[in-house]
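A.B. asks: Got a structure for you, data-v5.csv, holding CSV, N, CA and C atoms.
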chain,number,residue,atom,x,y,z
A,70,GLN,N,25.1,5.5,13.4
A,70,GLN,CA,24.6,6.3,12.2
A,70,GLN,C,23.5,5.5,11.6
A,71,VAL,N,22.3,6.2,11.5
A,71,VAL,CA,21.2,5.6,10.9
A,71,VAL,C,21.3,5.6,9.3
A,72,GLN,N,21.0,4.4,8.8
A,72,GLN,CA,21.1,4.3,7.3
A,72,GLN,C,19.8,3.5,6.9
A,73,LEU,N,19.2,4.0,5.8
A,73,LEU,CA,18.1,3.4,5.2
A,73,LEU,C,18.4,3.2,3.7
A,74,VAL,N,18.4,2.0,3.2
A,74,VAL,CA,18.8,1.8,1.8
A,74,VAL,C,17.7,1.0,1.1
A,75,GLU,N,17.1,1.7,0.1
A,75,GLU,CA,16.0,1.1,-0.7
A,75,GLU,C,16.6,0.4,-1.9
A,76,SER,N,15.8,-0.6,-2.3
A,76,SER,CA,16.2,-1.3,-3.6
A,76,SER,C,14.9,-2.0,-4.1
A,77,GLY,N,15.0,-2.4,-5.4
A,77,GLY,CA,13.9,-3.2,-6.0
A,77,GLY,C,13.1,-2.4,-7.0
A,78,GLY,N,13.4,-1.1,-7.2
A,78,GLY,CA,12.6,-0.4,-8.1
A,78,GLY,C,13.0,-0.8,-9.6
A,79,GLY,N,12.2,-0.2,-10.5
A,79,GLY,CA,12.5,-0.6,-11.9
A,79,GLY,C,11.4,-0.1,-12.8
A,80,LEU,N,11.5,-0.6,-14.0
A,80,LEU,CA,10.4,-0.3,-15.1
A,80,LEU,C,9.5,-1.5,-15.2
A,81,VAL,N,8.2,-1.3,-15.1
A,81,VAL,CA,7.3,-2.4,-15.2
A,81,VAL,C,6.1,-1.9,-16.0
A,82,GLN,N,5.4,-2.8,-16.7
A,82,GLN,CA,4.2,-2.5,-17.4
A,82,GLN,C,3.0,-2.4,-16.5
A,83,ALA,N,2.0,-1.6,-16.9
A,83,ALA,CA,0.8,-1.5,-16.1
A,83,ALA,C,0.2,-2.9,-15.9
A,84,GLY,N,-0.2,-3.1,-14.6
A,84,GLY,CA,-0.8,-4.4,-14.2
A,84,GLY,C,0.3,-5.4,-13.6
A,85,GLY,N,1.6,-5.0,-13.7
A,85,GLY,CA,2.6,-5.8,-13.2
A,85,GLY,C,2.9,-5.6,-11.7
A,86,SER,N,3.9,-6.2,-11.2
A,86,SER,CA,4.2,-6.2,-9.8
A,86,SER,C,5.7,-5.9,-9.6
A,87,LEU,N,6.0,-5.3,-8.5
A,87,LEU,CA,7.3,-5.1,-8.0
A,87,LEU,C,7.4,-5.2,-6.5
A,88,ARG,N,8.5,-5.6,-6.0
A,88,ARG,CA,8.7,-5.7,-4.5
A,88,ARG,C,9.9,-4.8,-4.1
A,89,LEU,N,9.6,-3.8,-3.3
A,89,LEU,CA,10.6,-2.9,-2.8
A,89,LEU,C,11.1,-3.4,-1.5
A,90,SER,N,12.4,-3.2,-1.2
A,90,SER,CA,13.0,-3.5,0.0
A,90,SER,C,13.7,-2.3,0.6
A,91,CYS,N,13.8,-2.3,1.9
A,91,CYS,CA,14.6,-1.2,2.6
A,91,CYS,C,15.4,-1.9,3.7
A,92,ALA,N,16.7,-1.8,3.6
A,92,ALA,CA,17.6,-2.3,4.6
A,92,ALA,C,17.9,-1.2,5.6
A,93,ALA,N,17.7,-1.4,6.9
A,93,ALA,CA,17.9,-0.4,7.9
A,93,ALA,C,19.1,-0.8,8.8
A,94,SER,N,19.9,0.2,9.2
A,94,SER,CA,21.0,-0.1,10.1
A,94,SER,C,21.2,1.1,11.0
A,95,GLY,N,21.8,0.9,12.1
A,95,GLY,CA,22.1,2.0,13.1
A,95,GLY,C,20.9,2.3,14.0
A,96,ILE,N,19.8,1.5,13.9
A,96,ILE,CA,18.7,1.7,14.8
A,96,ILE,C,18.2,0.4,15.4
A,97,GLY,N,17.4,0.5,16.5
A,97,GLY,CA,16.7,-0.6,17.0
A,97,GLY,C,15.5,-0.8,16.2
A,98,PHE,N,15.6,-1.5,15.0
A,98,PHE,CA,14.6,-1.5,14.0
A,98,PHE,C,13.2,-1.9,14.6
A,99,ARG,N,13.2,-2.9,15.4
A,99,ARG,CA,11.9,-3.5,15.9
A,99,ARG,C,11.1,-2.5,16.7
A,100,ASP,N,11.7,-1.4,17.2
A,100,ASP,CA,11.1,-0.5,18.1
A,100,ASP,C,10.4,0.6,17.3
A,101,TYR,N,10.5,0.7,16.0
A,101,TYR,CA,10.1,1.9,15.3
A,101,TYR,C,9.0,1.6,14.2
A,102,SER,N,8.0,2.5,14.1
A,102,SER,CA,7.1,2.4,13.0
A,102,SER,C,7.9,2.8,11.7
A,103,MET,N,7.6,2.2,10.6
A,103,MET,CA,8.3,2.4,9.4
A,103,MET,C,7.3,2.8,8.3
A,104,SER,N,7.7,3.6,7.3
A,104,SER,CA,6.8,4.0,6.3
A,104,SER,C,7.4,4.0,4.9
A,105,TRP,N,6.6,3.9,3.9
A,105,TRP,CA,7.0,4.2,2.5
A,105,TRP,C,6.3,5.4,2.1
A,106,TYR,N,7.0,6.3,1.5
A,106,TYR,CA,6.5,7.5,0.8
A,106,TYR,C,6.9,7.4,-0.7
A,107,ARG,N,6.2,8.2,-1.5
A,107,ARG,CA,6.6,8.3,-2.9
A,107,ARG,C,6.5,9.8,-3.3
A,108,GLN,N,7.2,10.1,-4.4
A,108,GLN,CA,7.2,11.4,-5.0
A,108,GLN,C,7.2,11.3,-6.5
A,109,ALA,N,6.1,11.8,-7.1
A,109,ALA,CA,6.0,11.8,-8.5
A,109,ALA,C,6.6,13.1,-9.0
A,110,PRO,N,7.0,13.1,-10.3
A,110,PRO,CA,7.6,14.4,-10.9
A,110,PRO,C,6.6,15.5,-10.7
A,111,GLY,N,7.1,16.6,-10.2
A,111,GLY,CA,6.2,17.8,-10.1
A,111,GLY,C,5.2,17.8,-8.9
A,112,LYS,N,5.2,16.7,-8.1
A,112,LYS,CA,4.3,16.6,-7.1
A,112,LYS,C,5.0,16.5,-5.7
A,113,GLU,N,4.2,16.7,-4.7
A,113,GLU,CA,4.7,16.6,-3.3
A,113,GLU,C,4.9,15.2,-2.9
A,114,ARG,N,5.8,14.9,-2.0
A,114,ARG,CA,6.0,13.6,-1.5
A,114,ARG,C,4.7,13.2,-0.7
A,115,GLU,N,4.3,11.9,-0.9
A,115,GLU,CA,3.0,11.5,-0.2
A,115,GLU,C,3.2,10.1,0.5
A,116,LEU,N,2.5,10.0,1.5
A,116,LEU,CA,2.5,8.7,2.3
A,116,LEU,C,1.9,7.6,1.5
A,117,VAL,N,2.5,6.5,1.4
A,117,VAL,CA,2.0,5.3,0.7
A,117,VAL,C,1.5,4.3,1.7
A,118,ALA,N,2.3,3.9,2.7
A,118,ALA,CA,1.9,2.9,3.7
A,118,ALA,C,2.8,3.1,4.9
A,119,THR,N,2.2,2.7,6.1
A,119,THR,CA,3.0,2.6,7.3
A,119,THR,C,2.7,1.3,8.0
A,120,ILE,N,3.8,0.8,8.7
A,120,ILE,CA,3.6,-0.4,9.5
A,120,ILE,C,4.2,0.0,10.9
A,121,THR,N,3.4,-0.2,12.0
A,121,THR,CA,3.9,0.1,13.3
A,121,THR,C,4.8,-0.9,13.8
A,122,ASN,N,5.4,-0.6,15.0
A,122,ASN,CA,6.3,-1.6,15.6
A,122,ASN,C,5.6,-2.9,16.0
A,123,ARG,N,4.2,-2.8,16.1
A,123,ARG,CA,3.4,-3.9,16.5
A,123,ARG,C,2.9,-4.7,15.3
A,124,GLY,N,3.2,-4.1,14.1
A,124,GLY,CA,2.7,-4.8,12.9
A,124,GLY,C,1.4,-4.3,12.3
A,125,ASN,N,0.8,-3.3,12.9
A,125,ASN,CA,-0.4,-2.7,12.4
A,125,ASN,C,-0.1,-1.9,11.1
A,126,THR,N,-1.0,-1.9,10.2
A,126,THR,CA,-0.7,-1.2,8.9
A,126,THR,C,-1.7,-0.2,8.5
A,127,ILE,N,-1.3,0.8,7.8
A,127,ILE,CA,-2.1,1.9,7.3
A,127,ILE,C,-1.7,2.1,5.8
A,128,TYR,N,-2.7,2.3,4.9
A,128,TYR,CA,-2.5,2.5,3.5
A,128,TYR,C,-3.2,3.8,3.0
A,129,ALA,N,-2.5,4.4,2.0
A,129,ALA,CA,-3.2,5.5,1.3
A,129,ALA,C,-4.4,4.9,0.5
A,130,ASP,N,-5.4,5.6,0.4
A,130,ASP,CA,-6.6,5.1,-0.4
A,130,ASP,C,-6.2,4.7,-1.8
A,131,SER,N,-5.3,5.4,-2.4
A,131,SER,CA,-4.9,5.1,-3.8
A,131,SER,C,-4.2,3.7,-4.0
A,132,VAL,N,-3.7,3.2,-2.9
A,132,VAL,CA,-3.0,1.9,-3.0
A,132,VAL,C,-3.6,0.8,-2.2
A,133,ASN,N,-4.6,1.1,-1.4
A,133,ASN,CA,-5.2,0.1,-0.6
A,133,ASN,C,-5.8,-1.0,-1.4
A,134,GLY,N,-5.4,-2.3,-1.0
A,134,GLY,CA,-5.9,-3.4,-1.8
A,134,GLY,C,-5.0,-3.9,-2.9
A,135,ARG,N,-4.0,-3.0,-3.2
A,135,ARG,CA,-3.0,-3.4,-4.3
A,135,ARG,C,-1.6,-3.5,-3.7
A,136,PHE,N,-1.3,-2.8,-2.7
A,136,PHE,CA,0.0,-2.8,-2.1
A,136,PHE,C,0.0,-3.4,-0.7
A,137,ALA,N,1.1,-4.0,-0.3
A,137,ALA,CA,1.2,-4.6,1.0
A,137,ALA,C,2.5,-4.3,1.7
A,138,ILE,N,2.5,-3.6,2.8
A,138,ILE,CA,3.7,-3.3,3.5
A,138,ILE,C,4.0,-4.4,4.6
A,139,SER,N,5.2,-4.8,4.8
A,139,SER,CA,5.6,-5.8,5.7
A,139,SER,C,7.0,-5.5,6.3
A,140,ARG,N,7.3,-6.2,7.3
A,140,ARG,CA,8.7,-6.0,7.9
A,140,ARG,C,9.2,-7.3,8.4
A,141,ASP,N,10.5,-7.5,8.5
A,141,ASP,CA,11.2,-8.6,9.0
A,141,ASP,C,12.2,-8.1,10.1
A,142,ASN,N,11.8,-8.1,11.3
A,142,ASN,CA,12.6,-7.5,12.4
A,142,ASN,C,13.9,-8.2,12.5
A,143,ALA,N,13.9,-9.5,12.3
A,143,ALA,CA,15.2,-10.3,12.4
A,143,ALA,C,16.2,-9.8,11.3
A,144,LYS,N,15.7,-9.3,10.2
A,144,LYS,CA,16.6,-8.9,9.1
A,144,LYS,C,16.8,-7.4,9.1
A,145,ASN,N,16.1,-6.7,10.0
A,145,ASN,CA,16.1,-5.2,9.9
A,145,ASN,C,15.6,-4.7,8.5
A,146,ALA,N,14.6,-5.3,8.0
A,146,ALA,CA,14.2,-5.0,6.6
A,146,ALA,C,12.7,-4.7,6.6
A,147,LEU,N,12.4,-3.7,5.7
A,147,LEU,CA,11.1,-3.3,5.4
A,147,LEU,C,10.8,-3.6,3.9
A,148,TYR,N,9.5,-4.0,3.6
A,148,TYR,CA,9.2,-4.3,2.3
A,148,TYR,C,7.9,-3.6,1.8
A,149,LEU,N,7.8,-3.5,0.5
A,149,LEU,CA,6.5,-3.0,-0.1
A,149,LEU,C,6.2,-3.9,-1.3
A,150,GLN,N,5.2,-4.8,-1.2
A,150,GLN,CA,4.8,-5.5,-2.4
A,150,GLN,C,3.8,-4.7,-3.1
A,151,MET,N,4.0,-4.5,-4.4
A,151,MET,CA,3.2,-3.6,-5.2
A,151,MET,C,2.6,-4.4,-6.3
A,152,ASN,N,1.3,-4.6,-6.4
A,152,ASN,CA,0.6,-5.4,-7.4
A,152,ASN,C,-0.3,-4.5,-8.2
A,153,SER,N,-0.7,-5.0,-9.3
A,153,SER,CA,-1.7,-4.2,-10.2
A,153,SER,C,-1.2,-2.8,-10.4
A,154,LEU,N,0.0,-2.6,-10.7
A,154,LEU,CA,0.6,-1.3,-10.8
A,154,LEU,C,0.0,-0.5,-11.9
A,155,LYS,N,-0.2,0.8,-11.7
A,155,LYS,CA,-0.7,1.8,-12.6
A,155,LYS,C,0.3,2.8,-13.0
A,156,PRO,N,0.1,3.5,-14.1
A,156,PRO,CA,1.1,4.5,-14.5
A,156,PRO,C,1.2,5.6,-13.4
A,157,GLU,N,0.1,5.9,-12.7
A,157,GLU,CA,0.1,6.9,-11.6
A,157,GLU,C,0.9,6.5,-10.4
A,158,ASP,N,1.3,5.2,-10.4
A,158,ASP,CA,2.2,4.8,-9.3
A,158,ASP,C,3.7,5.2,-9.5
A,159,THR,N,3.9,5.7,-10.7
A,159,THR,CA,5.3,6.1,-11.0
A,159,THR,C,5.8,7.2,-10.1
A,160,GLY,N,7.1,7.0,-9.6
A,160,GLY,CA,7.7,8.0,-8.8
A,160,GLY,C,8.9,7.4,-8.1
A,161,VAL,N,9.5,8.2,-7.2
A,161,VAL,CA,10.6,7.7,-6.4
A,161,VAL,C,10.0,7.3,-5.1
A,162,TYR,N,10.3,6.1,-4.6
A,162,TYR,CA,9.8,5.6,-3.4
A,162,TYR,C,10.9,5.6,-2.3
A,163,TYR,N,10.5,6.1,-1.2
A,163,TYR,CA,11.4,6.3,0.0
A,163,TYR,C,11.0,5.5,1.2
A,164,CYS,N,11.9,5.0,1.8
A,164,CYS,CA,11.7,4.3,3.1
A,164,CYS,C,12.0,5.4,4.2
A,165,THR,N,11.2,5.5,5.3
A,165,THR,CA,11.4,6.5,6.2
A,165,THR,C,11.0,6.1,7.6
A,166,THR,N,11.6,6.7,8.6
A,166,THR,CA,11.1,6.6,10.0
A,166,THR,C,11.5,7.8,10.8
A,167,TYR,N,10.8,8.1,11.9
A,167,TYR,CA,11.2,9.2,12.7
A,167,TYR,C,12.0,8.7,13.9
A,168,ILE,N,13.2,9.3,14.0
A,168,ILE,CA,14.0,9.0,15.1
A,168,ILE,C,14.4,10.4,15.6
A,169,PHE,N,14.1,10.7,16.9
A,169,PHE,CA,14.3,12.0,17.4
A,169,PHE,C,15.7,12.5,17.1
A,170,PRO,N,15.9,13.7,16.6
A,170,PRO,CA,14.9,14.8,16.5
A,170,PRO,C,14.4,15.0,15.1
A,171,ARG,N,14.5,14.0,14.2
A,171,ARG,CA,14.0,14.3,12.9
A,171,ARG,C,13.7,13.1,12.1
A,172,GLN,N,12.9,13.3,11.0
A,172,GLN,CA,12.6,12.2,10.1
A,172,GLN,C,13.8,11.8,9.4
A,173,ARG,N,14.0,10.4,9.2
A,173,ARG,CA,15.1,9.9,8.5
A,173,ARG,C,14.6,9.3,7.2
A,174,TRP,N,15.4,9.5,6.1
A,174,TRP,CA,15.0,9.1,4.8
A,174,TRP,C,16.1,8.3,4.1
A,175,GLY,N,15.7,7.3,3.3
A,175,GLY,CA,16.7,6.7,2.4
A,175,GLY,C,16.9,7.5,1.2
A,176,GLN,N,17.7,7.0,0.2
A,176,GLN,CA,18.0,7.8,-1.0
A,176,GLN,C,16.9,7.6,-2.0
A,177,GLY,N,16.0,6.7,-1.8
A,177,GLY,CA,14.9,6.4,-2.8
A,177,GLY,C,15.3,5.4,-3.9
A,178,THR,N,14.2,4.8,-4.4
A,178,THR,CA,14.3,3.9,-5.6
A,178,THR,C,13.3,4.3,-6.6
A,179,GLN,N,13.6,4.3,-7.8
A,179,GLN,CA,12.7,4.8,-8.9
A,179,GLN,C,11.8,3.6,-9.3
A,180,VAL,N,10.5,3.9,-9.4
A,180,VAL,CA,9.5,3.0,-9.9
A,180,VAL,C,8.9,3.7,-11.1
A,181,THR,N,8.9,3.0,-12.3
A,181,THR,CA,8.3,3.6,-13.5
A,181,THR,C,7.3,2.5,-14.0
A,182,VAL,N,6.1,2.9,-14.2
A,182,VAL,CA,5.0,2.1,-14.7
A,182,VAL,C,4.6,2.6,-16.1
A,183,SER,N,4.8,1.8,-17.1
A,183,SER,CA,4.4,2.2,-18.4
A,183,SER,C,3.0,1.7,-18.8
A,184,SER,N,2.3,2.5,-19.6
A,184,SER,CA,1.0,2.2,-19.9
A,184,SER,C,0.9,1.3,-21.2
Would you write the structure of this file as structure tokens?
C.D. replies:
Amino acid sequence: QVQLVESGGGLVQAGGSLRLSCAASGIGFRDYSMSWYRQAPGKERELVATITNRGNTIYADSVNGRFAISRDNAKNALYLQMNSLKPEDTGVYYCTTYIFPRQRWGQGTQVTVSS
């Protein structure tokens, strides 16, 4: 059974930092690309960052240079280091990966950035 469990969210002031974690189980973690998505109130879910099984990374323009995605295959863990946070980064952050036949999602962790 695939499980993705996010943690590390919270309330932070603008300009602050947070580090999100995602613990994966039930999958061959090292074989899969992993992503972080976020969803702000009243908005659609959007891609934040992706890291491939080879460690290549892709970022949304809005977070490029401020966020860093990483993974620890030995721990089956995915991370998102978020620096210089802005109020528009507020939302629920989800860890996700595609394992046939569907996308798999964690329950999400809330990030709130106050101005």
A.B. asks: Hey, which of A:Ser90, A:Gln82, A:Asn122, A:Gln172 ends up closest to A:Thr159? Count only C-alpha atoms.
C.D. replies: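 Using only C-alpha atoms, the shortest distance to A:Thr159 belongs to A:Gln82.
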A.B. asks: If you measure from atom C of A:Val132 to atom C of A:Asn152, what distance in Å do you get, rounded to one decimal?
C.D. replies: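 Separation of atom C of A:Val132 and atom C of A:Asn152: 8.7 Å.
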A.B. asks: With all atoms listed in the file as the basis for distance, which of A:Val71, A:Ala109, A:Thr178, A:Ser139 is at the shortest distance from A:Glu157?
C.D. replies: A:Ala109
A.B. asks: Compare A:Ser131, A:Ala137, A:Trp105, A:Leu89 by their minimum atom-to-atom distance to A:Lys155, counting only C-alpha atoms, and give me the closest one.
C.D. replies: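 Smallest distance to A:Lys155 is found for A:Ser131.
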A.B. asks: In Å to one decimal, how far is atom CA of A:Tyr148 from atom CA of A:Trp174?
C.D. replies: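 So the two atoms, atom CA of A:Trp174 and atom CA of A:Tyr148, lie 14.8 Å apart.
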A.B. asks: I'd like to know which of A:Gly77, A:Thr166, A:Ala146, A:Arg135 is closest to A:Met103, using only N, CA and C atoms.
C.D. replies: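 For A:Met103, the nearest of the candidates is A:Thr166.
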